[in-house]
Structures are given as C-alpha cells and as structure tokens.
$ cat structure_21.txt   # compact mmCIF, N, CA and C atoms
# COMPACT_ATOMS: atom_id res chain seq x y z
N ASP A 1 -24.46 82.54 41.82
CA ASP A 1 -25.06 83.85 41.67
C ASP A 1 -25.90 84.17 42.90
N LEU A 2 -25.87 85.42 43.28
CA LEU A 2 -26.65 85.85 44.44
C LEU A 2 -27.29 87.18 44.11
N THR A 3 -28.60 87.26 44.31
CA THR A 3 -29.31 88.52 44.15
C THR A 3 -29.53 89.08 45.54
N LEU A 4 -28.96 90.25 45.81
CA LEU A 4 -29.08 90.86 47.13
C LEU A 4 -30.47 91.42 47.32
N SER A 5 -30.81 91.72 48.56
CA SER A 5 -32.12 92.28 48.90
C SER A 5 -32.41 93.56 48.13
N ASP A 6 -31.36 94.30 47.78
CA ASP A 6 -31.56 95.55 47.03
C ASP A 6 -31.59 95.33 45.52
N GLY A 7 -31.55 94.06 45.06
CA GLY A 7 -31.65 93.74 43.65
C GLY A 7 -30.34 93.60 42.91
N ARG A 8 -29.21 93.96 43.53
CA ARG A 8 -27.91 93.83 42.85
C ARG A 8 -27.57 92.36 42.63
N GLN A 9 -26.97 92.07 41.49
CA GLN A 9 -26.50 90.72 41.16
C GLN A 9 -25.00 90.65 41.43
N ILE A 10 -24.58 89.65 42.20
CA ILE A 10 -23.16 89.45 42.49
C ILE A 10 -22.83 87.97 42.35
N LYS A 11 -21.56 87.68 42.33
CA LYS A 11 -21.06 86.31 42.39
C LYS A 11 -20.43 86.13 43.76
N VAL A 12 -20.44 84.89 44.25
CA VAL A 12 -19.91 84.60 45.58
C VAL A 12 -18.94 83.42 45.48
N GLY A 13 -17.85 83.54 46.21
CA GLY A 13 -16.88 82.46 46.34
C GLY A 13 -16.60 82.20 47.80
N ILE A 14 -15.80 81.18 48.07
CA ILE A 14 -15.43 80.86 49.45
C ILE A 14 -13.90 80.70 49.49
N ALA A 15 -13.29 81.30 50.50
CA ALA A 15 -11.84 81.26 50.67
C ALA A 15 -11.52 80.77 52.07
N HIS A 16 -10.28 80.34 52.27
CA HIS A 16 -9.88 79.91 53.61
C HIS A 16 -8.64 80.66 54.07
N SER A 17 -8.48 80.69 55.38
CA SER A 17 -7.29 81.24 56.03
C SER A 17 -6.80 80.21 57.02
N VAL A 18 -5.49 80.14 57.19
CA VAL A 18 -4.92 79.24 58.18
C VAL A 18 -4.28 80.10 59.26
N LEU A 19 -4.73 79.90 60.50
CA LEU A 19 -4.19 80.66 61.62
C LEU A 19 -2.84 80.11 62.05
N LYS A 20 -2.12 80.86 62.87
CA LYS A 20 -0.83 80.39 63.39
C LYS A 20 -0.97 79.08 64.15
N THR A 21 -2.15 78.84 64.72
CA THR A 21 -2.40 77.60 65.47
C THR A 21 -2.63 76.41 64.54
N GLY A 22 -2.75 76.69 63.24
CA GLY A 22 -3.03 75.62 62.27
C GLY A 22 -4.51 75.44 61.99
N ALA A 23 -5.35 76.19 62.68
CA ALA A 23 -6.80 76.09 62.46
C ALA A 23 -7.18 76.75 61.15
N TYR A 24 -8.11 76.12 60.43
CA TYR A 24 -8.61 76.66 59.18
C TYR A 24 -9.94 77.36 59.42
N LEU A 25 -10.06 78.57 58.91
CA LEU A 25 -11.32 79.31 58.94
C LEU A 25 -11.64 79.75 57.52
N HIS A 26 -12.89 80.02 57.27
CA HIS A 26 -13.34 80.38 55.94
C HIS A 26 -14.04 81.73 55.94
N ARG A 27 -14.21 82.27 54.75
CA ARG A 27 -15.00 83.49 54.57
C ARG A 27 -15.56 83.46 53.16
N PHE A 28 -16.71 84.11 53.01
CA PHE A 28 -17.27 84.30 51.68
C PHE A 28 -16.72 85.60 51.13
N TYR A 29 -16.60 85.66 49.83
CA TYR A 29 -16.27 86.92 49.18
C TYR A 29 -17.26 87.16 48.04
N ALA A 30 -17.62 88.42 47.86
CA ALA A 30 -18.57 88.81 46.82
C ALA A 30 -17.81 89.63 45.79
N PHE A 31 -18.12 89.37 44.53
CA PHE A 31 -17.47 90.14 43.48
C PHE A 31 -18.44 90.47 42.36
N VAL A 32 -18.10 91.53 41.62
CA VAL A 32 -18.90 91.99 40.50
C VAL A 32 -18.72 90.98 39.35
N PRO A 33 -19.81 90.56 38.71
CA PRO A 33 -19.69 89.53 37.68
C PRO A 33 -19.22 90.05 36.31
N LYS A 34 -18.48 91.17 36.29
CA LYS A 34 -17.96 91.73 35.05
C LYS A 34 -16.50 92.13 35.26
N TYR A 35 -15.72 92.02 34.19
CA TYR A 35 -14.32 92.40 34.25
C TYR A 35 -14.19 93.82 34.81
N PRO A 36 -13.32 94.08 35.76
CA PRO A 36 -12.21 93.28 36.26
C PRO A 36 -12.55 92.44 37.50
N PHE A 37 -13.83 92.08 37.68
CA PHE A 37 -14.29 91.19 38.75
C PHE A 37 -13.88 91.69 40.14
N GLU A 38 -14.15 92.95 40.39
CA GLU A 38 -13.79 93.60 41.65
C GLU A 38 -14.45 92.92 42.84
N ILE A 39 -13.65 92.62 43.87
CA ILE A 39 -14.19 92.09 45.12
C ILE A 39 -14.81 93.26 45.87
N ILE A 40 -16.09 93.09 46.22
CA ILE A 40 -16.80 94.20 46.87
C ILE A 40 -17.05 93.97 48.35
N LYS A 41 -16.93 92.73 48.81
CA LYS A 41 -17.20 92.47 50.22
C LYS A 41 -16.62 91.14 50.64
N LEU A 42 -16.13 91.09 51.88
CA LEU A 42 -15.69 89.86 52.52
C LEU A 42 -16.54 89.64 53.75
N SER A 43 -16.92 88.40 53.99
CA SER A 43 -17.62 88.11 55.24
C SER A 43 -16.59 88.02 56.36
N GLY A 44 -17.08 87.94 57.57
CA GLY A 44 -16.20 87.62 58.68
C GLY A 44 -15.81 86.16 58.57
N LEU A 45 -14.88 85.76 59.40
CA LEU A 45 -14.42 84.37 59.39
C LEU A 45 -15.45 83.46 60.06
N PHE A 46 -15.53 82.23 59.56
CA PHE A 46 -16.41 81.23 60.16
C PHE A 46 -15.76 79.87 59.99
N CYS A 47 -16.27 78.90 60.72
CA CYS A 47 -15.76 77.54 60.57
C CYS A 47 -16.86 76.63 60.04
N LEU A 48 -16.45 75.56 59.42
CA LEU A 48 -17.36 74.54 58.90
C LEU A 48 -17.43 73.40 59.90
N GLY A 49 -18.58 72.75 59.98
CA GLY A 49 -18.84 71.80 61.06
C GLY A 49 -18.30 70.39 60.86
N HIS A 50 -18.31 69.66 61.97
CA HIS A 50 -17.94 68.25 62.03
C HIS A 50 -19.01 67.37 61.39
N MET A 51 -18.68 66.11 61.26
CA MET A 51 -19.68 65.10 60.96
C MET A 51 -20.66 65.10 62.13
N LEU A 52 -21.93 64.93 61.85
CA LEU A 52 -22.96 64.95 62.88
C LEU A 52 -23.37 63.53 63.25
N GLU A 53 -23.89 63.38 64.45
CA GLU A 53 -24.37 62.07 64.90
C GLU A 53 -25.46 61.53 63.98
N THR A 54 -26.17 62.43 63.30
CA THR A 54 -27.26 62.02 62.41
C THR A 54 -26.79 61.73 60.99
N ASP A 55 -25.51 61.99 60.69
CA ASP A 55 -24.99 61.68 59.36
C ASP A 55 -25.04 60.18 59.11
N GLY A 56 -25.40 59.81 57.90
CA GLY A 56 -25.49 58.40 57.55
C GLY A 56 -24.16 57.69 57.69
N ASP A 57 -24.21 56.48 58.18
CA ASP A 57 -23.06 55.58 58.27
C ASP A 57 -21.97 56.04 59.23
N LEU A 58 -22.30 56.90 60.18
CA LEU A 58 -21.31 57.39 61.14
C LEU A 58 -20.65 56.25 61.90
N GLN A 59 -21.44 55.25 62.31
CA GLN A 59 -20.89 54.16 63.12
C GLN A 59 -19.87 53.32 62.36
N ASN A 60 -19.90 53.38 61.03
CA ASN A 60 -18.96 52.61 60.23
C ASN A 60 -17.76 53.42 59.76
N HIS A 61 -17.73 54.69 60.11
CA HIS A 61 -16.60 55.54 59.71
C HIS A 61 -15.34 55.05 60.41
N TRP A 62 -14.21 55.07 59.73
CA TRP A 62 -12.99 54.52 60.31
C TRP A 62 -12.57 55.24 61.59
N LEU A 63 -12.87 56.53 61.73
CA LEU A 63 -12.53 57.23 62.97
C LEU A 63 -13.39 56.73 64.13
N SER A 64 -14.65 56.39 63.85
CA SER A 64 -15.52 55.86 64.89
C SER A 64 -15.03 54.49 65.33
N LYS A 65 -14.62 53.66 64.40
CA LYS A 65 -14.16 52.31 64.72
C LYS A 65 -12.85 52.33 65.49
N LYS A 66 -12.00 53.29 65.19
CA LYS A 66 -10.69 53.38 65.84
C LYS A 66 -10.82 53.62 67.34
N HIS A 67 -11.75 54.49 67.74
CA HIS A 67 -11.88 54.88 69.14
C HIS A 67 -13.14 54.32 69.81
N GLY A 68 -13.98 53.65 69.06
CA GLY A 68 -15.22 53.13 69.62
C GLY A 68 -16.35 54.14 69.54
N SER A 69 -16.04 55.41 69.40
CA SER A 69 -17.04 56.44 69.17
C SER A 69 -16.36 57.55 68.38
N PHE A 70 -17.15 58.36 67.71
CA PHE A 70 -16.58 59.41 66.87
C PHE A 70 -15.96 60.49 67.75
N ASP A 71 -14.69 60.75 67.55
CA ASP A 71 -13.93 61.70 68.35
C ASP A 71 -13.83 63.02 67.59
N LYS A 72 -14.52 64.05 68.08
CA LYS A 72 -14.51 65.35 67.42
C LYS A 72 -13.39 66.22 67.99
N ARG A 73 -12.40 66.53 67.17
CA ARG A 73 -11.37 67.48 67.58
C ARG A 73 -11.96 68.88 67.53
N LYS A 74 -11.59 69.71 68.47
CA LYS A 74 -12.12 71.08 68.52
C LYS A 74 -11.01 72.08 68.24
N THR A 75 -11.40 73.30 67.91
CA THR A 75 -10.46 74.35 67.56
C THR A 75 -10.36 75.35 68.70
N THR A 76 -9.14 75.72 69.05
CA THR A 76 -8.91 76.75 70.06
C THR A 76 -8.32 77.97 69.38
N ILE A 77 -8.98 79.11 69.57
CA ILE A 77 -8.54 80.37 68.98
C ILE A 77 -8.56 81.42 70.08
N GLY A 78 -7.41 82.01 70.34
CA GLY A 78 -7.33 83.07 71.35
C GLY A 78 -7.77 82.60 72.72
N GLY A 79 -7.48 81.36 73.06
CA GLY A 79 -7.84 80.82 74.37
C GLY A 79 -9.27 80.33 74.49
N LEU A 80 -10.09 80.51 73.46
CA LEU A 80 -11.47 80.03 73.46
C LEU A 80 -11.57 78.79 72.58
N THR A 81 -12.37 77.83 73.01
CA THR A 81 -12.54 76.58 72.27
C THR A 81 -13.87 76.60 71.55
N TYR A 82 -13.83 76.25 70.26
CA TYR A 82 -15.01 76.22 69.41
C TYR A 82 -15.26 74.79 68.95
N ASP A 83 -16.52 74.46 68.74
CA ASP A 83 -16.90 73.13 68.28
C ASP A 83 -16.73 73.05 66.76
N CYS A 84 -15.50 73.21 66.33
CA CYS A 84 -15.16 73.20 64.91
C CYS A 84 -13.96 72.27 64.72
N PRO A 85 -13.91 71.57 63.61
CA PRO A 85 -12.70 70.79 63.32
C PRO A 85 -11.50 71.72 63.17
N VAL A 86 -10.32 71.22 63.44
CA VAL A 86 -9.11 72.01 63.28
C VAL A 86 -8.86 72.28 61.80
N ILE A 87 -9.02 71.26 60.98
CA ILE A 87 -8.75 71.40 59.55
C ILE A 87 -10.04 71.19 58.76
N THR A 88 -10.43 72.20 58.02
CA THR A 88 -11.51 72.06 57.03
C THR A 88 -11.05 72.81 55.79
N PHE A 89 -11.40 72.27 54.66
CA PHE A 89 -10.99 72.90 53.42
C PHE A 89 -12.13 72.82 52.42
N ALA A 90 -12.76 73.97 52.16
CA ALA A 90 -13.85 74.00 51.19
C ALA A 90 -13.29 73.70 49.81
N SER A 91 -13.88 72.72 49.14
CA SER A 91 -13.38 72.32 47.83
C SER A 91 -14.37 72.61 46.71
N GLY A 92 -15.59 72.98 47.06
CA GLY A 92 -16.56 73.28 46.02
C GLY A 92 -17.72 74.10 46.54
N ILE A 93 -18.27 74.92 45.67
CA ILE A 93 -19.46 75.69 45.98
C ILE A 93 -20.27 75.77 44.69
N THR A 94 -21.56 75.41 44.77
CA THR A 94 -22.40 75.42 43.58
C THR A 94 -23.85 75.68 43.96
N ASN A 95 -24.63 76.10 43.01
CA ASN A 95 -26.06 76.29 43.25
C ASN A 95 -26.74 74.94 43.40
N LEU A 96 -27.71 74.87 44.30
CA LEU A 96 -28.57 73.69 44.42
C LEU A 96 -29.69 73.87 43.41
N ILE A 97 -29.80 72.93 42.50
CA ILE A 97 -30.81 73.02 41.46
C ILE A 97 -32.20 72.83 42.08
N GLY A 98 -33.14 73.65 41.63
CA GLY A 98 -34.49 73.60 42.17
C GLY A 98 -34.60 74.47 43.41
N HIS A 99 -35.64 74.32 44.15
CA HIS A 99 -35.86 75.07 45.39
C HIS A 99 -35.77 76.58 45.18
N GLY A 100 -36.16 77.06 43.99
CA GLY A 100 -36.20 78.49 43.73
C GLY A 100 -34.84 79.16 43.64
N ASN A 101 -33.78 78.39 43.43
CA ASN A 101 -32.43 78.95 43.34
C ASN A 101 -32.03 79.69 44.61
N ASP A 102 -32.53 79.22 45.75
CA ASP A 102 -32.30 79.90 47.03
C ASP A 102 -31.15 79.31 47.85
N TYR A 103 -30.56 78.19 47.42
CA TYR A 103 -29.57 77.50 48.23
C TYR A 103 -28.30 77.20 47.44
N ILE A 104 -27.20 77.07 48.17
CA ILE A 104 -25.96 76.57 47.59
C ILE A 104 -25.53 75.32 48.34
N ILE A 105 -24.66 74.56 47.70
CA ILE A 105 -24.04 73.40 48.33
C ILE A 105 -22.56 73.71 48.48
N ILE A 106 -22.03 73.51 49.68
CA ILE A 106 -20.60 73.64 49.92
C ILE A 106 -20.07 72.25 50.23
N SER A 107 -19.08 71.81 49.49
CA SER A 107 -18.42 70.54 49.80
C SER A 107 -17.07 70.86 50.43
N TYR A 108 -16.68 70.05 51.41
CA TYR A 108 -15.42 70.33 52.09
C TYR A 108 -14.87 69.07 52.75
N GLY A 109 -13.56 69.08 52.96
CA GLY A 109 -12.89 68.00 53.67
C GLY A 109 -12.69 68.38 55.12
N VAL A 110 -12.68 67.38 56.00
CA VAL A 110 -12.54 67.60 57.44
C VAL A 110 -11.35 66.80 57.97
N ASP A 111 -10.42 67.50 58.61
CA ASP A 111 -9.24 66.89 59.24
C ASP A 111 -8.50 65.93 58.31
N ASP A 112 -8.57 66.19 57.02
CA ASP A 112 -7.93 65.32 56.02
C ASP A 112 -8.35 63.86 56.16
N CYS A 113 -9.58 63.65 56.68
CA CYS A 113 -10.05 62.29 56.95
C CYS A 113 -11.36 61.94 56.24
N TYR A 114 -12.25 62.88 56.08
CA TYR A 114 -13.54 62.60 55.45
C TYR A 114 -14.09 63.86 54.81
N SER A 115 -15.09 63.69 53.97
CA SER A 115 -15.69 64.83 53.30
C SER A 115 -17.13 65.02 53.76
N ARG A 116 -17.59 66.25 53.61
CA ARG A 116 -18.98 66.59 53.92
C ARG A 116 -19.49 67.55 52.88
N SER A 117 -20.77 67.63 52.77
CA SER A 117 -21.44 68.65 51.97
C SER A 117 -22.56 69.22 52.82
N ILE A 118 -22.72 70.52 52.74
CA ILE A 118 -23.82 71.16 53.46
C ILE A 118 -24.59 72.05 52.50
N ILE A 119 -25.85 72.24 52.81
CA ILE A 119 -26.71 73.12 52.03
C ILE A 119 -26.94 74.38 52.85
N VAL A 120 -26.70 75.53 52.24
CA VAL A 120 -26.80 76.82 52.93
C VAL A 120 -27.74 77.73 52.15
N HIS A 121 -28.66 78.35 52.85
CA HIS A 121 -29.56 79.32 52.21
C HIS A 121 -28.76 80.56 51.81
N LYS A 122 -29.02 81.08 50.65
CA LYS A 122 -28.29 82.25 50.16
C LYS A 122 -28.50 83.48 51.05
N LYS A 123 -29.63 83.57 51.73
CA LYS A 123 -29.85 84.69 52.65
C LYS A 123 -28.86 84.65 53.81
N LYS A 124 -28.47 83.44 54.24
CA LYS A 124 -27.47 83.30 55.31
C LYS A 124 -26.13 83.88 54.84
N ILE A 125 -25.79 83.62 53.58
CA ILE A 125 -24.55 84.16 53.02
C ILE A 125 -24.62 85.69 52.96
N GLU A 126 -25.75 86.20 52.50
CA GLU A 126 -25.92 87.65 52.44
C GLU A 126 -25.80 88.26 53.84
N LEU A 127 -26.40 87.63 54.84
CA LEU A 127 -26.30 88.13 56.21
C LEU A 127 -24.86 88.12 56.71
N LEU A 128 -24.13 87.04 56.43
CA LEU A 128 -22.74 86.95 56.88
C LEU A 128 -21.86 88.02 56.22
N MET A 129 -22.19 88.37 54.98
CA MET A 129 -21.34 89.33 54.27
C MET A 129 -21.75 90.78 54.50
N PHE A 130 -23.03 91.05 54.56
CA PHE A 130 -23.48 92.45 54.53
C PHE A 130 -24.14 92.93 55.81
N ARG A 131 -24.45 92.02 56.74
CA ARG A 131 -25.17 92.48 57.93
C ARG A 131 -24.58 92.00 59.24
N SER A 132 -23.48 91.26 59.20
CA SER A 132 -22.89 90.83 60.47
C SER A 132 -21.39 90.99 60.40
N LYS A 133 -20.78 91.07 61.54
CA LYS A 133 -19.33 91.19 61.59
C LYS A 133 -18.67 89.83 61.43
N GLY A 134 -19.38 88.76 61.80
CA GLY A 134 -18.88 87.40 61.61
C GLY A 134 -17.58 87.13 62.34
N ASN A 135 -17.47 85.98 62.89
CA ASN A 135 -16.22 85.54 63.51
C ASN A 135 -16.25 84.02 63.63
N ALA A 136 -15.26 83.46 64.25
CA ALA A 136 -15.14 82.01 64.28
C ALA A 136 -16.30 81.32 65.00
N THR A 137 -17.08 82.08 65.76
CA THR A 137 -18.21 81.45 66.43
C THR A 137 -19.37 81.21 65.46
N ASP A 138 -19.29 81.81 64.25
CA ASP A 138 -20.29 81.51 63.23
C ASP A 138 -19.94 80.15 62.63
N VAL A 139 -20.77 79.18 62.88
CA VAL A 139 -20.51 77.84 62.39
C VAL A 139 -21.58 77.49 61.37
N LEU A 140 -21.15 77.03 60.21
CA LEU A 140 -22.10 76.57 59.20
C LEU A 140 -22.23 75.07 59.34
N TYR A 141 -23.38 74.61 59.79
CA TYR A 141 -23.68 73.19 59.91
C TYR A 141 -25.02 72.96 59.25
N GLN A 142 -25.26 71.73 58.93
CA GLN A 142 -26.60 71.27 58.60
C GLN A 142 -26.62 69.79 58.62

$ encode --input "structure_21.txt" --output "structure tokens"
Amino acid sequence: DLTLSDGRQIKVGIAHSVLKTGAYLHRFYAFVPKYPFEIIKLSGLFCLGHMLETDGDLQNHWLSKKHGSFDKRKTTIGGLTYDCPVITFASGITNLIGHGNDYIIISYGVDDCYSRSIIVHKKKIELLMFRSKGNATDVLYQ
C-alpha cells in the first residue's frame, strides 16, 4: 500500500521487461485497490543493483571464488553501459514491518546466480512513478 502526497491510497507492484539485448529492466505500476483494479501509472524503467562489496559473505560467494574476485557483468543499452546486472528478476515485494510503514522490501535474483533483497523508501517509488521520467540510469541499490 502506498499513500501518495495528495492522500490517495494506491497499490504498487513491480514488473519486468526484457530488451532485445537480453537485459532485464523493471518498472513500478500503481493501481486502484478496487475492482476492476485499473492501472493508473507506470514508472520509467530502472535496473536493480549487483551484489555490493559490503554485502555479507561476498568473499565466499561461488562467483568470487571462481575468478578470485567478484566479477560484475554490466548492461549495455543503446551503446551506453550501465552498472547493472544483465539479468535481474524481481520475485517479491512487501511492506517492511515497523519504521512507520514507510519502506518496502524487494527481493530479486541476479544473473540466475544469487539473490538479493533491498529496502526502498516508499517516497522513492512515488518519485519514480509520479515525478520523474525514469530510465535505465535509475538504479535501485542499498
């Protein structure tokens, strides 16, 4: 659930698109929480981030052991390279309990090799959907 700055109550989901290059990008969608659940807004496209150097147990991850250091594949879209994994697939979105109901948790898989979860402030989602054009350079990391 998301309460917009103007007081409207909406529901939010996350969807993905696969480009011709095979890169996965995501977008949020907002819909009315009553039948027929009309979609009222789509965010611009964004990518989800890699495992970070500060993530726990990075040195023991099988990809790190294979190459001696963690090898981050990057995404190229329209001749520009972004610091995003080629394959990410959001598999869950839920409210973070506590903290004033201000955050969500997004869980996702990366390059079909490992999973991550990130915490995102609901205001960031509102900004991506209602106040920015959004594109692949919008990266959600934490």

$ closest_residue --input "structure_21.txt" --among "A:Ile118, A:Cys113, A:Leu128, A:Leu52" --to "Ala30 (chain A)" --atoms "only C-alpha atoms"
A:Leu128

$ residues_around --input "structure_21.txt" --residues "Arg73 (chain A)" --least-positions-apart "2" --cutoff "9 Å" --atoms "only C-alpha atoms" --output "list of chain:residue names"
A:His50, A:Asp71, A:Thr75, A:Asp83, A:Cys84, A:Pro85, A:Val86, A:Asp111

$ atom_distance --input "structure_21.txt" --atom1 "atom N of Gln9 (chain A)" --atom2 "atom C of Gly44 (chain A)"
21.2 Å

$ select_by_dssp --input "structure_21.txt" --residues "region 2-136 of chain A" --states "alpha helix (DSSP H)" --output "PyMOL selection string"
chain A and resi 62-67+122-130

$ residues_near_point --input "structure_21.txt" --point "(-23.0, 76.9, 44.1)" --cutoff "6 Å" --atoms "only C-alpha atoms" --output "list in words"
Ile93, Thr94, Asn95, Ile104 and Ile105 of chain A

$ closest_residue --input "structure_21.txt" --among "A:His99, A:Arg116, A:Lys122, A:His26" --to "Lys11 (chain A)" --atoms "only C-alpha atoms"
A:Lys122

$ closest_residue --input "structure_21.txt" --among "A:Thr88, A:Thr76, A:Ser5, A:Ser117" --to "Cys47 (chain A)" --atoms "only C-alpha atoms"
A:Thr88
